[in-house]
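Chemist: Dropping the structure in here first, questions after.
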Amino acid sequence: MFSGAQVSLYPMSGNFVGIILEAIKALDPYRDRLRIETDDISTLMVGPPDVLFAAMRDLFVSAAASGEHCVLSAAISRGCPGEPDDALCGPGLSSSRSEPLAERVEAAIAAVRDTTETSQPTAAQFSLYVMGTGTHMDEIYGCIDFLKRSGTFDRSKNFCTKLRGDAGAIFATIHEAFYRFGDPDGHVTLDITVSANSPSKA
């Protein structure tokens with residue numbers, strides 16, 4: 001199965017180049033487990049979901065540690081029928097994720113609860129798209145149930161859900177939404193925006 005993300009990092013600072021160059025050092029521990037390709041718009045990261053989300057979290061937290069307003073934007077996808085399978089990503093999820101929806105909700109809540117804190121307050125919004133199945137609304141409603149009980153839920157917005165909390169819990173919540181919901185071998189995508197140190201009031 002192919003899973004990956006097109007990621008862009010935006011530090012709102014005159015020193016944005018320095019912040020980005022320092023932040024990408026956080027990807028060093030993941031370089032042997034991800035394929036990373038950068039151009040002038042975004043960085044493609046391809047690999048298994050757990051590694052992918054850990055790398056995005058560490059990249060974002062490193063940039064946000066500057067104290068400047070930083071935003072990470074990403075389009076994340078797994079199981080796209082237009083992409084070839086990639087051995088780096090591992091097999092499909094069907095062999096390891098066959099639990100009923102209610103059990104997946106509880107497992108997702110437990111995973112977020114057990115996440116290590118980063119001490120970086122963060123806000124995020126994201127949209128989940130489950131494609132190509134007749135039960136996609138069941139999966140989306142299951143994900144909404146999880147989100148409302150995750151401890152990071154802030155509120156529903158038009159077209160997306162807003163989260164607030166520690167960056168570790170935020171990225172864990174988004175990872176669980178991506179990993180636990182939708183056909184294990186189907187096409188699932190996320191559109192995410194993560195922000196820290198915003199001068200705007202919450």
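Residues in the structure tokens are named by chain (A, B, ... in the order shown) and by number from 1 within that chain; ligands are numbered from 1 in the order shown.
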Would you kindly return, as a list in words, each protein, DNA or RNA residue with an atom no farther than 6 Å from any atom of stretch 36-46 of chain A, considering only C-alpha atoms and excluding same-chain residues fewer than 4 positions away?
Modeler: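 That gives Ser3, Gly4, Ala5, Gln6, Val7 and Ser8 of chain A.
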Chemist: Which residues come within 12 Å of stretch 143-148 of chain A, counting only C-alpha atoms, excluding same-chain residues fewer than 5 positions away, as number ranges by chain?
Modeler: A: 101-113, 125-130, 136-138, 153-156, 160-164, 169-170, 172-182
Chemist: What would the file look like if the residues just selected were written as a short mmCIF file (atom, residue, chain, number, x, y, z; two decimals), in the first residue's frame with C-alpha atoms?
Modeler:
data_model
loop_
_atom_site.label_atom_id
_atom_site.label_comp_id
_atom_site.auth_asym_id
_atom_site.auth_seq_id
_atom_site.Cartn_x
_atom_site.Cartn_y
_atom_site.Cartn_z
CA LEU A 101 -15.92 0.03 14.29
CA ALA A 102 -16.74 0.39 18.02
CA GLU A 103 -13.50 -1.38 18.97
CA ARG A 104 -11.50 0.85 16.62
CA VAL A 105 -12.99 3.94 18.28
CA GLU A 106 -11.90 2.70 21.72
CA ALA A 107 -8.43 1.76 20.44
CA ALA A 108 -8.00 5.22 18.91
CA ILE A 109 -8.99 6.94 22.16
CA ALA A 110 -6.50 4.80 24.10
CA ALA A 111 -3.72 5.59 21.62
CA VAL A 112 -4.21 9.34 22.02
CA ARG A 113 -4.43 9.05 25.80
CA GLN A 125 -8.14 21.57 11.78
CA PHE A 126 -8.57 18.68 9.40
CA SER A 127 -10.99 16.92 7.10
CA LEU A 128 -11.22 13.16 6.59
CA TYR A 129 -12.23 11.77 3.19
CA VAL A 130 -13.15 8.08 2.97
CA HIS A 136 -18.09 5.65 4.17
CA MET A 137 -20.58 7.57 6.33
CA ASP A 138 -20.46 4.87 9.02
CA PHE A 153 -11.73 18.03 20.23
CA ASP A 154 -12.37 21.77 20.13
CA ARG A 155 -15.38 22.13 17.85
CA SER A 156 -16.91 21.25 14.52
CA CYS A 160 -13.59 20.33 9.02
CA THR A 161 -13.02 19.56 12.70
CA LYS A 162 -10.93 21.76 14.98
CA LEU A 163 -8.59 20.28 17.58
CA ARG A 164 -6.64 21.90 20.41
CA ALA A 169 -1.89 14.49 21.23
CA ILE A 170 -2.94 16.51 18.18
CA ALA A 172 -1.77 11.27 17.51
CA THR A 173 -5.45 12.16 17.03
CA ILE A 174 -4.96 12.90 13.34
CA HIS A 175 -2.90 9.72 12.90
CA GLU A 176 -5.63 7.62 14.50
CA ALA A 177 -8.28 9.19 12.26
CA PHE A 178 -6.14 8.31 9.24
CA TYR A 179 -5.22 4.81 10.40
CA ARG A 180 -8.39 3.50 12.08
CA PHE A 181 -11.20 4.70 9.82
CA GLY A 182 -12.08 3.78 6.27
#
Chemist: Identify, with DSSP run on backbone atoms, the residues in stretch 75-149 of chain A assigned to strand (DSSP E), and express the list as a VMD selection string.
Modeler: chain A and resid 75 to 78 121 to 131
Chemist: Looking at only C-alpha atoms, which of A:Gly67, A:Gly47, A:Gly168, A:Gly186 is the one that sits closest to A:Gly79?
Modeler: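 Among A:Gly67, A:Gly47, A:Gly168, A:Gly186, it is A:Gly186 that comes nearest to A:Gly79.
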Chemist: For a quick check of understanding, using only C-alpha atoms, which of A:Leu34, A:Leu190, A:Met56, A:Val61 has the smallest distance to A:Gly90?
Modeler: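 Under the stated criterion, the closest residue is A:Leu34.
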